[in-house]
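target_12.txt follows; it contains compact mmCIF, C-alpha atoms.
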# COMPACT_ATOMS: atom_id res chain seq x y z
CA MET L 13 148.65 -16.39 35.26
CA VAL L 14 150.51 -18.57 37.72
CA ALA L 15 153.56 -20.75 37.78
CA HIS L 16 153.00 -24.44 38.36
CA SER L 17 153.21 -26.82 35.50
CA GLY L 18 154.12 -30.00 37.32
CA PRO L 19 151.96 -33.10 36.90
CA GLY L 20 148.95 -33.75 39.11
CA ARG L 21 148.67 -36.70 41.44
CA ARG L 22 147.34 -38.99 38.71
CA THR L 23 149.52 -40.66 36.12
CA VAL L 24 150.27 -38.58 33.04
CA LEU L 25 150.75 -39.35 29.39
CA ARG L 26 153.86 -37.85 27.89
CA GLY L 27 154.66 -37.14 24.27
CA GLY L 28 153.46 -39.87 21.96
CA LEU L 29 152.42 -42.38 24.63
CA THR L 30 148.94 -43.52 23.65
CA ALA L 31 145.92 -44.35 25.75
CA THR L 32 146.27 -47.98 24.62
CA ALA L 33 149.81 -48.08 25.93
CA VAL L 34 148.68 -46.58 29.21
CA GLY L 35 146.09 -49.30 29.59
CA ALA L 36 148.71 -51.94 28.87
CA PHE L 37 150.93 -50.60 31.63
CA GLY L 38 148.04 -50.17 34.06
CA LEU L 39 148.44 -46.37 34.18
CA ALA L 40 144.95 -45.24 33.25
CA ALA L 41 143.56 -42.40 35.40
CA THR L 42 141.02 -43.49 37.99
CA GLY L 43 138.43 -41.81 40.14
CA PRO L 44 135.37 -39.72 39.24
CA ALA L 45 136.83 -36.25 39.75
CA ASN L 46 138.67 -36.01 36.45
CA ALA L 47 137.35 -39.03 34.63
CA ALA L 48 136.19 -38.37 31.09
CA PRO L 49 132.39 -38.12 31.16
CA ALA L 50 130.36 -40.49 29.04
CA ARG L 51 129.91 -38.67 25.74
CA PRO L 52 126.35 -38.72 24.42
CA ALA L 53 125.74 -40.03 20.93
CA ALA L 54 124.76 -36.54 19.78
CA ARG L 55 124.37 -33.04 21.15
CA SER L 56 121.86 -30.61 19.78
CA PRO L 57 123.13 -28.28 18.62
CA LEU L 58 126.88 -28.96 18.53
CA ALA L 59 129.09 -25.92 19.00
CA ALA L 60 131.27 -25.77 15.91
CA GLU L 61 135.01 -25.34 16.16
CA PRO L 62 135.90 -21.67 15.60
CA ARG L 63 138.89 -20.63 13.51
CA ILE L 64 141.90 -21.21 15.74
CA TYR L 65 145.41 -20.31 14.62
CA SER L 66 147.89 -23.03 15.53
CA THR L 67 151.26 -22.57 17.17
CA ALA L 68 152.85 -23.21 13.77
CA GLU L 69 150.79 -20.43 12.18
CA TRP L 70 151.85 -17.76 14.67
CA GLY L 71 155.47 -18.82 14.69
CA ALA L 72 155.80 -20.35 18.14
CA ARG L 73 159.17 -21.52 19.38
CA PRO L 74 159.38 -25.26 19.96
CA PRO L 75 158.82 -26.18 23.61
CA ASN L 76 161.99 -26.89 25.56
CA GLN L 77 160.31 -29.38 27.87
CA GLN L 78 158.12 -32.33 27.02
CA ILE L 79 154.43 -31.45 26.76
CA VAL L 80 152.41 -33.30 29.39
CA VAL L 81 149.16 -34.83 28.14
CA LEU L 82 146.85 -36.14 30.84
CA ASP L 83 144.57 -39.11 30.29
CA TRP L 84 141.41 -37.31 31.39
CA VAL L 85 139.48 -34.21 30.48
CA PRO L 86 139.77 -30.92 32.37
CA THR L 87 137.00 -30.17 34.83
CA TYR L 88 137.03 -26.36 34.52
CA ILE L 89 137.29 -23.88 31.66
CA VAL L 90 139.10 -20.89 33.17
CA VAL L 91 138.99 -17.30 31.93
CA HIS L 92 142.04 -15.05 32.37
CA HIS L 93 143.14 -11.62 31.20
CA THR L 94 146.70 -10.95 30.10
CA ALA L 95 146.76 -7.65 32.08
CA GLU L 96 149.72 -6.54 29.99
CA PRO L 97 150.45 -5.06 27.51
CA GLY L 98 147.10 -3.44 28.23
CA ASN L 99 144.18 -2.52 26.00
CA SER L 100 145.70 -2.12 22.58
CA GLU L 101 143.67 -0.64 19.76
CA ASP L 102 145.53 -2.77 17.23
CA TYR L 103 142.94 -5.43 16.45
CA SER L 104 144.89 -7.09 13.64
CA LEU L 105 145.81 -10.75 13.32
CA GLU L 106 149.46 -9.74 13.15
CA HIS L 107 149.17 -8.06 16.56
CA ALA L 108 147.43 -11.13 18.02
CA MET L 109 150.28 -13.32 16.83
CA GLU L 110 152.86 -10.94 18.28
CA ILE L 111 151.06 -11.10 21.66
CA CYS L 112 151.37 -14.89 21.60
CA ARG L 113 155.07 -14.71 20.81
CA SER L 114 155.64 -12.19 23.61
CA ILE L 115 153.76 -14.30 26.15
CA GLN L 116 155.64 -17.43 25.14
CA ASN L 117 158.99 -15.66 25.37
CA PHE L 118 158.20 -14.44 28.87
CA HIS L 119 156.89 -17.78 30.07
CA MET L 120 159.89 -19.67 28.73
CA ASP L 121 162.66 -17.13 29.36
CA GLY L 122 161.24 -15.24 32.35
CA GLN L 123 159.32 -17.96 34.19
CA GLY L 124 161.39 -20.96 33.17
CA TRP L 125 158.39 -22.87 31.84
CA GLY L 126 158.66 -25.23 28.89
CA ASP L 127 156.09 -23.39 26.76
CA SER L 128 153.24 -20.88 26.97
CA GLY L 129 151.27 -21.41 30.17
CA GLN L 130 147.79 -21.06 28.67
CA GLN L 131 146.18 -23.48 26.25
CA PHE L 132 144.53 -20.72 24.19
CA THR L 133 144.84 -16.95 23.66
CA ASN L 134 141.96 -14.72 22.59
CA SER L 135 142.83 -11.32 21.14
CA ARG L 136 141.01 -7.99 21.38
CA GLY L 137 140.39 -8.30 17.65
CA GLY L 138 138.56 -11.59 18.15
CA PHE L 139 141.33 -13.88 16.89
CA ILE L 140 141.76 -17.19 18.72
CA LEU L 141 145.21 -18.76 18.86
CA GLU L 142 146.59 -21.96 20.29
CA GLY L 143 148.86 -21.23 23.24
CA ARG L 144 150.62 -24.34 24.50
CA HIS L 145 151.68 -26.82 21.82
CA GLN L 146 149.32 -29.76 21.13
CA SER L 147 146.37 -28.05 22.85
CA LEU L 148 144.30 -27.70 19.68
CA ASP L 149 144.59 -31.30 18.52
CA VAL L 150 144.07 -32.68 22.02
CA VAL L 151 140.85 -30.70 22.53
CA ARG L 152 139.68 -31.92 19.12
CA GLY L 153 140.10 -35.46 20.43
CA GLY L 154 137.84 -34.69 23.40
CA THR L 155 139.25 -37.27 25.83
CA ARG L 156 142.59 -35.91 27.10
CA HIS L 157 144.06 -32.70 28.45
CA VAL L 158 147.27 -30.79 27.75
CA GLN L 159 148.44 -29.62 31.17
CA GLY L 160 149.30 -25.94 31.19
CA ALA L 161 150.58 -23.49 33.79
CA ASN L 162 147.84 -20.93 34.40
CA VAL L 163 146.18 -21.76 37.76
CA GLY L 164 148.18 -22.41 40.91
CA GLY L 165 147.88 -25.96 42.19
CA ARG L 166 145.04 -26.93 39.83
CA ASN L 167 146.58 -27.26 36.38
CA SER L 168 145.64 -30.92 36.06
CA GLU L 169 141.99 -29.81 36.30
CA VAL L 170 141.78 -26.65 34.20
CA ILE L 171 142.07 -25.43 30.64
CA GLY L 172 142.98 -21.74 30.49
CA ILE L 173 142.08 -18.98 28.04
CA GLU L 174 144.12 -15.76 28.14
CA ASN L 175 142.07 -12.79 26.93
CA GLU L 176 144.26 -9.94 25.71
CA GLY L 177 143.82 -6.82 27.81
CA LEU L 178 143.33 -5.44 31.30
CA TYR L 179 139.71 -5.60 32.50
CA THR L 180 139.77 -4.10 35.97
CA ASP L 181 137.94 -0.93 34.88
CA VAL L 182 136.97 -1.23 31.20
CA ASP L 183 134.86 -3.73 29.30
CA VAL L 184 136.06 -6.21 26.71
CA PRO L 185 135.67 -5.38 23.00
CA ALA L 186 132.68 -6.95 21.26
CA ALA L 187 134.96 -8.96 18.98
CA LEU L 188 136.80 -10.51 21.94
CA TRP L 189 133.52 -11.33 23.66
CA GLY L 190 132.13 -13.03 20.58
CA SER L 191 135.21 -15.18 20.04
CA LEU L 192 135.34 -16.04 23.75
CA VAL L 193 131.75 -17.35 23.65
CA GLN L 194 132.56 -19.42 20.55
CA LEU L 195 135.75 -20.86 22.02
CA VAL L 196 134.26 -21.74 25.40
CA ALA L 197 131.18 -23.31 23.77
CA TRP L 198 133.40 -25.47 21.56
CA ILE L 199 135.61 -26.60 24.46
CA ALA L 200 132.52 -27.37 26.56
CA THR L 201 131.13 -29.44 23.67
CA GLN L 202 134.36 -31.36 23.11
CA TYR L 203 134.76 -32.20 26.79
CA GLY L 204 131.11 -32.51 27.77
CA ARG L 205 131.47 -29.87 30.49
CA PRO L 206 128.44 -28.13 32.03
CA VAL L 207 128.30 -24.34 31.90
CA THR L 208 128.66 -24.20 35.70
CA ASP L 209 132.29 -25.24 35.16
CA ILE L 210 133.13 -21.98 33.38
CA MET L 211 135.13 -20.08 35.98
CA GLY L 212 137.57 -17.20 36.43
CA HIS L 213 141.16 -17.41 37.63
CA ARG L 214 140.23 -15.77 40.93
CA ASP L 215 137.89 -18.70 41.67
CA PHE L 216 141.05 -20.73 42.34
CA ASN L 217 143.74 -18.27 43.44
CA SER L 218 143.88 -14.94 45.28
CA THR L 219 144.28 -12.75 42.22
CA GLU L 220 142.48 -9.93 40.44
CA CYS L 221 142.50 -11.98 37.21
CA PRO L 222 140.49 -11.85 34.94
CA GLY L 223 139.73 -8.31 36.15
CA GLY L 224 136.63 -7.15 37.96
CA VAL L 225 134.75 -6.22 34.80
CA LEU L 226 135.31 -9.46 32.90
CA TYR L 227 134.87 -11.51 36.07
CA GLY L 228 131.55 -9.74 36.61
CA ARG L 229 130.39 -10.96 33.21
CA LEU L 230 131.10 -14.65 33.79
CA GLN L 231 127.46 -15.47 34.45
CA GLU L 232 126.59 -13.70 31.20
CA LEU L 233 129.25 -15.87 29.54
CA ARG L 234 127.73 -19.03 31.03
CA ASP L 235 124.30 -17.98 29.79
CA ALA L 236 125.64 -17.22 26.30
CA VAL L 237 127.41 -20.58 26.12
CA ALA L 238 124.27 -22.33 27.35
CA GLY L 239 122.39 -20.67 24.49
CA ALA L 240 125.02 -21.79 22.00
CA LEU L 241 124.79 -25.36 23.29
CA GLY L 242 121.01 -25.38 23.39
CA VAL L 243 120.86 -26.15 27.11
CA ALA L 244 119.12 -24.43 29.99
CA PRO L 245 120.99 -21.60 31.75
CA ALA L 246 122.53 -22.53 35.09
CA ASP L 247 122.41 -20.71 38.39
CA ARG L 248 125.39 -18.60 39.37
CA PRO L 249 127.84 -20.78 41.32
CA SER L 250 128.75 -19.91 44.90
CA VAL L 251 132.24 -18.41 45.06
CA TRP L 252 134.67 -16.94 47.57
CA PRO L 253 135.03 -13.15 47.59
CA LEU L 254 138.35 -11.43 46.91
CA LEU L 255 139.63 -9.00 49.55
CA ARG L 256 142.59 -6.73 48.88
CA PRO L 257 144.78 -4.71 51.26
CA GLY L 258 143.09 -1.36 51.76
CA ALA L 259 139.57 -2.79 51.59
CA ALA L 260 137.07 -2.11 54.38
CA GLY L 261 133.73 -3.46 55.48
CA PRO L 262 131.99 -6.41 57.16
CA GLN L 263 133.75 -9.05 55.05
CA VAL L 264 137.11 -7.70 56.21
CA ARG L 265 135.93 -7.60 59.82
CA ALA L 266 134.71 -11.21 59.57
CA ALA L 267 138.05 -12.23 58.04
CA GLN L 268 139.87 -10.57 60.93
CA TYR L 269 137.84 -12.54 63.48
CA LEU L 270 138.58 -15.73 61.54
CA LEU L 271 142.30 -14.96 61.41
CA ARG L 272 142.26 -14.40 65.18
CA ALA L 273 140.53 -17.79 65.55
CA ARG L 274 143.52 -19.29 63.69
CA GLY L 275 145.93 -17.79 66.22
CA PHE L 276 146.77 -14.41 64.67
CA GLU L 277 145.92 -12.51 67.84
CA ASP L 278 147.70 -9.32 66.75
CA VAL L 279 145.16 -8.77 63.95
CA PRO L 280 142.87 -5.87 64.92
CA VAL L 281 139.13 -6.18 64.41
CA ASP L 282 138.45 -2.81 62.83
CA GLY L 283 137.04 -3.80 59.44
CA VAL L 284 140.05 -2.29 57.62
CA PHE L 285 142.46 -4.50 55.65
CA GLY L 286 145.60 -2.94 57.04
CA ALA L 287 149.22 -3.98 57.46
CA ALA L 288 148.62 -6.45 60.32
CA THR L 289 145.86 -8.22 58.42
CA LYS L 290 148.04 -8.41 55.32
CA ARG L 291 150.94 -9.86 57.33
CA ALA L 292 148.66 -12.55 58.72
CA VAL L 293 147.37 -13.50 55.27
CA VAL L 294 150.92 -13.65 53.87
CA LYS L 295 152.07 -15.78 56.81
CA LEU L 296 149.12 -18.13 56.44
CA ALA L 297 149.83 -18.58 52.73
CA ASP L 298 153.49 -19.25 53.46
CA VAL L 299 152.80 -21.81 56.18
CA HIS L 300 150.39 -23.71 53.92
CA ASN L 301 152.62 -23.44 50.81
CA VAL L 302 150.01 -21.54 48.82
CA GLU L 303 151.66 -20.84 45.49
CA LYS L 304 152.58 -17.29 44.62
CA HIS L 305 150.71 -16.06 41.59
CA THR L 306 150.04 -13.04 39.43
CA CYS L 307 147.36 -12.12 36.93
CA ALA L 308 149.88 -10.78 34.41
CA ALA L 309 150.74 -12.92 31.41
CA MET L 310 153.47 -10.49 30.43
CA VAL L 311 156.81 -9.62 31.95
CA ARG L 312 155.98 -6.36 33.75
CA SER L 313 153.28 -6.41 36.42
CA ARG L 314 152.12 -3.10 37.85
CA THR L 315 150.02 -4.66 40.61
CA ASP L 316 151.43 -6.34 43.70
CA GLU L 317 148.92 -9.02 44.70
CA THR L 318 150.82 -10.08 47.80
CA GLY L 319 148.43 -10.51 50.71
CA TYR L 320 145.24 -10.78 48.66
CA LEU L 321 142.65 -12.91 50.44
CA GLY L 322 140.74 -15.05 47.98
CA SER L 323 139.79 -18.56 46.97
CA ASP L 324 142.95 -20.30 48.16
CA ILE L 325 143.02 -18.52 51.55
CA TRP L 326 139.37 -18.56 52.68
CA PRO L 327 139.31 -22.38 53.07
CA LEU L 328 142.22 -22.05 55.51
CA ILE L 329 140.31 -19.73 57.87
CA THR L 330 136.69 -20.95 57.58
CA PRO L 331 136.39 -23.88 60.00
CA LYS L 332 133.85 -26.66 59.68
CA VAL L 333 132.33 -26.07 63.12
CA ARG L 334 129.18 -24.67 64.64
CA ALA L 335 129.47 -20.94 65.12
CA GLY L 336 129.04 -21.22 68.90
CA GLU L 337 131.98 -23.56 69.31
CA ASN L 338 134.49 -20.71 68.95
CA ALA L 339 133.98 -17.15 70.17
CA ASP L 340 135.81 -15.50 67.27
CA VAL L 341 134.03 -17.65 64.69
CA GLU L 342 130.70 -16.73 66.27
CA LYS L 343 131.64 -13.04 66.08
CA ALA L 344 132.53 -13.46 62.41
CA VAL L 345 129.15 -15.01 61.68
CA THR L 346 127.34 -12.33 63.70
CA THR L 347 129.19 -9.63 61.74
CA LEU L 348 128.00 -11.13 58.46
CA HIS L 349 124.43 -11.53 59.76
CA ARG L 350 124.35 -7.84 60.68
CA ALA L 351 125.51 -7.05 57.15
CA GLY L 352 122.51 -8.92 55.75
CA ALA L 353 123.74 -12.50 55.30
CA ASP L 354 121.12 -15.25 55.20
CA ARG L 355 120.89 -16.74 58.69
CA SER L 356 119.75 -20.13 57.37
CA HIS L 357 123.32 -20.84 56.30
CA SER L 358 124.64 -20.83 59.87
CA ALA L 359 122.10 -23.04 61.64
CA GLY L 360 124.35 -26.11 61.93
CA VAL L 361 127.91 -27.11 61.18
CA LEU L 362 129.35 -24.54 58.81
CA THR L 363 130.50 -25.99 55.49
CA ALA L 364 132.43 -24.26 52.71
CA THR L 365 129.15 -23.65 50.90
CA ASP L 366 127.66 -22.05 54.03
CA TRP L 367 130.66 -19.73 54.35
CA LYS L 368 130.41 -18.71 50.69
CA HIS L 369 126.75 -17.79 51.16
CA LEU L 370 127.49 -15.91 54.37
CA LEU L 371 130.27 -13.93 52.65
CA ALA L 372 128.32 -13.22 49.47
Go ahead and render the structure in this file as structure tokens.
Amino acid sequence: MVAHSGPGRRTVLRGGLTATAVGAFGLAATGPANAAPARPAARSPLAAEPRIYSTAEWGARPPNQQIVVLDWVPTYIVVHHTAEPGNSEDYSLEHAMEICRSIQNFHMDGQGWGDSGQQFTNSRGGFILEGRHQSLDVVRGGTRHVQGANVGGRNSEVIGIENEGLYTDVDVPAALWGSLVQLVAWIATQYGRPVTDIMGHRDFNSTECPGGVLYGRLQELRDAVAGALGVAPADRPSVWPLLRPGAAGPQVRAAQYLLRARGFEDVPVDGVFGAATKRAVVKLADVHNVEKHTCAAMVRSRTDETGYLGSDIWPLITPKVRAGENADVEKAVTTLHRAGADRSHSAGVLTATDWKHLLA
């Protein structure tokens, strides 16, 4: 989960300000990116609202900052894991409520946020709880979005679900998986979002979240939600890989060539994500004001994600040029070809989609 709860570049609705009032003042959101999609007269079948425990039911503190409600729907439904307090075997509703209180306390007292960062929390026992105040009622309305603080730099576009547990090495409990499918299907129904817009936190920031195991099941989640909505399954979206310090292989070697093309000439090209490569990634993030983030929803994080190279760093080092226009870029592409990358994705000017396919 990541700090950043400030408003996006479009006008926001605060507190009780209504859509009618916004129209009267000329503040309605514009542009296709976040505009509310035309809602069909009926969907077959509709995904029913699961049982969701409100902030009042789990004893949430009142927010100490005004809740920001945006006059458009979120584009992405984002899956997180809490990382801490780990994989509890207490599957009770009482435990789920305590998790929500602990997260809220940390976000408000430790992070300085006005409320819980995530819109919803999903427990290992399969209980779904409202996270940030007003999230439940706003999703029920289907036309607006409570802005949270769970994805760096993209909170005006995403609705986040924290799944209790740490899923770097172990799988999610069946109860959590079932409630996650129900919750995501309902949100997708309310907002008219396609299943391709179900993503993981690491698809936006350089973080382990939601853990390699749960992240590896996102296509299964998309397929399950498609089944619940009665729509055709969608192809797996193209995504950026996540490289960590200590990693080795052709992706690392390609990244090193690309970093050298950006002026980091002290980065060795040895295919090992060592100290010099990490320093270059950290410097690049700092120069471009990439927000610091962590996958932990709780106060103690055992993993230092400084220097991870993921979705918010790759666009900074993958130029939109022909491979032959820069020697280091050409060497990066050749490295990926030798590792088995599809050569058809490097025939012309390299786009972000081409780079994702080359790095897959």
> For L:Pro253, which residue among L:Gly212, L:Gly322, L:Gly283, L:Gly126 is the nearest when counting all atoms listed in the file?
Replying inline: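 Of L:Gly212, L:Gly322, L:Gly283, L:Gly126, the one nearest L:Pro253, counting all atoms listed in the file, is L:Gly322.
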> Between atom CA of L:Pro86 and atom CA of L:Tyr203, what is the spacing in Å?
Replying inline: 7.6 Å
>> So, with all atoms listed in the file as the atoms that count, which of L:Ile325, L:Thr133, L:Leu82, L:Pro222 lies closest to L:Val299?
In response: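 Among L:Ile325, L:Thr133, L:Leu82, L:Pro222, it is L:Ile325 that comes nearest to L:Val299.
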Please list as a PDB file with C-alpha atoms, keeping the file's coordinate frame every residue within 7 Å of L:Leu270, counting all atoms listed in the file and excluding residues in the same chain fewer than 5 positions away.
ATOM      1  CA  ILE L 329     140.310 -19.730  57.870  1.00  0.00           C
ATOM      2  CA  THR L 330     136.690 -20.950  57.580  1.00  0.00           C
ATOM      3  CA  ASP L 340     135.810 -15.500  67.270  1.00  0.00           C
ATOM      4  CA  VAL L 341     134.030 -17.650  64.690  1.00  0.00           C
ATOM      5  CA  ALA L 344     132.530 -13.460  62.410  1.00  0.00           C
TER       6      ALA L 344
END
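Shortest separation to L:Leu348 among L:Val207, L:Val294, L:Leu371, L:Ile89 occurs at residue L:Leu371, atoms counted being all atoms listed in the file.
Look at L:Gly71: the protein and nucleic acid residues within 9 Å of it, using all atoms listed in the file and passing over chain neighbours fewer than 5 places away, are Ser66, Met109, Cys112 and Arg113 of chain L.
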>> Which residue is closest to L:His213? Choose from L:Leu192, L:Val91, L:Val184, L:Ala288 and count all atoms listed in the file.
In response: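 Distance minimum relative to L:His213 lands on L:Val91.
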> Counting only C-alpha atoms, what is within 10 Å of L:Leu271, bar same-chain residues fewer than 2 positions away, as a VMD selection string?
Replying inline: chain L and resid 265 to 269 273 to 281 289 292 to 293 296 326 328 to 330 340 to 341 344
Write to file, as a PDB file, in the coordinates of the input, the residues of the selection just made, with C-alpha atoms.
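What ended up in again_9.pdb:
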ATOM      1  CA  ARG L 265     135.930  -7.600  59.820  1.00  0.00           C
ATOM      2  CA  ALA L 266     134.710 -11.210  59.570  1.00  0.00           C
ATOM      3  CA  ALA L 267     138.050 -12.230  58.040  1.00  0.00           C
ATOM      4  CA  GLN L 268     139.870 -10.570  60.930  1.00  0.00           C
ATOM      5  CA  TYR L 269     137.840 -12.540  63.480  1.00  0.00           C
ATOM      6  CA  ALA L 273     140.530 -17.790  65.550  1.00  0.00           C
ATOM      7  CA  ARG L 274     143.520 -19.290  63.690  1.00  0.00           C
ATOM      8  CA  GLY L 275     145.930 -17.790  66.220  1.00  0.00           C
ATOM      9  CA  PHE L 276     146.770 -14.410  64.670  1.00  0.00           C
ATOM     10  CA  GLU L 277     145.920 -12.510  67.840  1.00  0.00           C
ATOM     11  CA  ASP L 278     147.700  -9.320  66.750  1.00  0.00           C
ATOM     12  CA  VAL L 279     145.160  -8.770  63.950  1.00  0.00           C
ATOM     13  CA  PRO L 280     142.870  -5.870  64.920  1.00  0.00           C
ATOM     14  CA  VAL L 281     139.130  -6.180  64.410  1.00  0.00           C
ATOM     15  CA  THR L 289     145.860  -8.220  58.420  1.00  0.00           C
ATOM     16  CA  ALA L 292     148.660 -12.550  58.720  1.00  0.00           C
ATOM     17  CA  VAL L 293     147.370 -13.500  55.270  1.00  0.00           C
ATOM     18  CA  LEU L 296     149.120 -18.130  56.440  1.00  0.00           C
ATOM     19  CA  TRP L 326     139.370 -18.560  52.680  1.00  0.00           C
ATOM     20  CA  LEU L 328     142.220 -22.050  55.510  1.00  0.00           C
ATOM     21  CA  ILE L 329     140.310 -19.730  57.870  1.00  0.00           C
ATOM     22  CA  THR L 330     136.690 -20.950  57.580  1.00  0.00           C
ATOM     23  CA  ASP L 340     135.810 -15.500  67.270  1.00  0.00           C
ATOM     24  CA  VAL L 341     134.030 -17.650  64.690  1.00  0.00           C
ATOM     25  CA  ALA L 344     132.530 -13.460  62.410  1.00  0.00           C
TER      26      ALA L 344
END
Could you pull the residues within 12 Å of L:Ala72, counting all atoms listed in the file, minus those fewer than 4 positions along the same chain, as an mmCIF file with C-alpha atoms, keeping the file's coordinate frame?
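Wrote selection-v1.cif, looks like this:
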data_model
loop_
_atom_site.group_PDB
_atom_site.id
_atom_site.type_symbol
_atom_site.label_atom_id
_atom_site.label_comp_id
_atom_site.auth_asym_id
_atom_site.auth_seq_id
_atom_site.Cartn_x
_atom_site.Cartn_y
_atom_site.Cartn_z
ATOM 1 C CA TYR L 65 145.410 -20.310 14.620
ATOM 2 C CA SER L 66 147.890 -23.030 15.530
ATOM 3 C CA THR L 67 151.260 -22.570 17.170
ATOM 4 C CA ALA L 68 152.850 -23.210 13.770
ATOM 5 C CA ASN L 76 161.990 -26.890 25.560
ATOM 6 C CA MET L 109 150.280 -13.320 16.830
ATOM 7 C CA GLU L 110 152.860 -10.940 18.280
ATOM 8 C CA ILE L 111 151.060 -11.100 21.660
ATOM 9 C CA CYS L 112 151.370 -14.890 21.600
ATOM 10 C CA ARG L 113 155.070 -14.710 20.810
ATOM 11 C CA SER L 114 155.640 -12.190 23.610
ATOM 12 C CA ILE L 115 153.760 -14.300 26.150
ATOM 13 C CA GLN L 116 155.640 -17.430 25.140
ATOM 14 C CA ASN L 117 158.990 -15.660 25.370
ATOM 15 C CA MET L 120 159.890 -19.670 28.730
ATOM 16 C CA ASP L 127 156.090 -23.390 26.760
ATOM 17 C CA SER L 128 153.240 -20.880 26.970
ATOM 18 C CA LEU L 141 145.210 -18.760 18.860
ATOM 19 C CA GLU L 142 146.590 -21.960 20.290
ATOM 20 C CA GLY L 143 148.860 -21.230 23.240
ATOM 21 C CA ARG L 144 150.620 -24.340 24.500
ATOM 22 C CA HIS L 145 151.680 -26.820 21.820
ATOM 23 C CA GLN L 146 149.320 -29.760 21.130
#
>> Give me, as a ChimeraX atom specification, all polymer residues having an atom no more than 8 Å from L:Gly286, counting all atoms listed in the file and skipping those fewer than 3 positions away in the same chain.
In response: /L:257-258,289-290
> Looking at only C-alpha atoms, which of L:Val196, L:Ile140, L:Leu255, L:Ala260 is the one that sits closest to L:Ser218?
Replying inline: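 Result for the nearest residue to L:Ser218: L:Leu255.
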>> Here is a test: counting all atoms listed in the file, which residue of L:Tyr227, L:Phe139, L:Tyr179, L:Tyr320 is nearest to L:Lys295?
In response: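 The shortest atom-to-atom distance to L:Lys295 comes from L:Tyr320.
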>> If I take atom CA of L:Gly165 and atom CA of L:Asp235, how far is one from the other in Å, to one decimal?
In response: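 We find that atom CA of L:Gly165 and atom CA of L:Asp235 lie 27.8 Å from each other.
Note that the spacing between atom CA of L:His369 and atom CA of L:Ala351 amounts to 12.4 Å.
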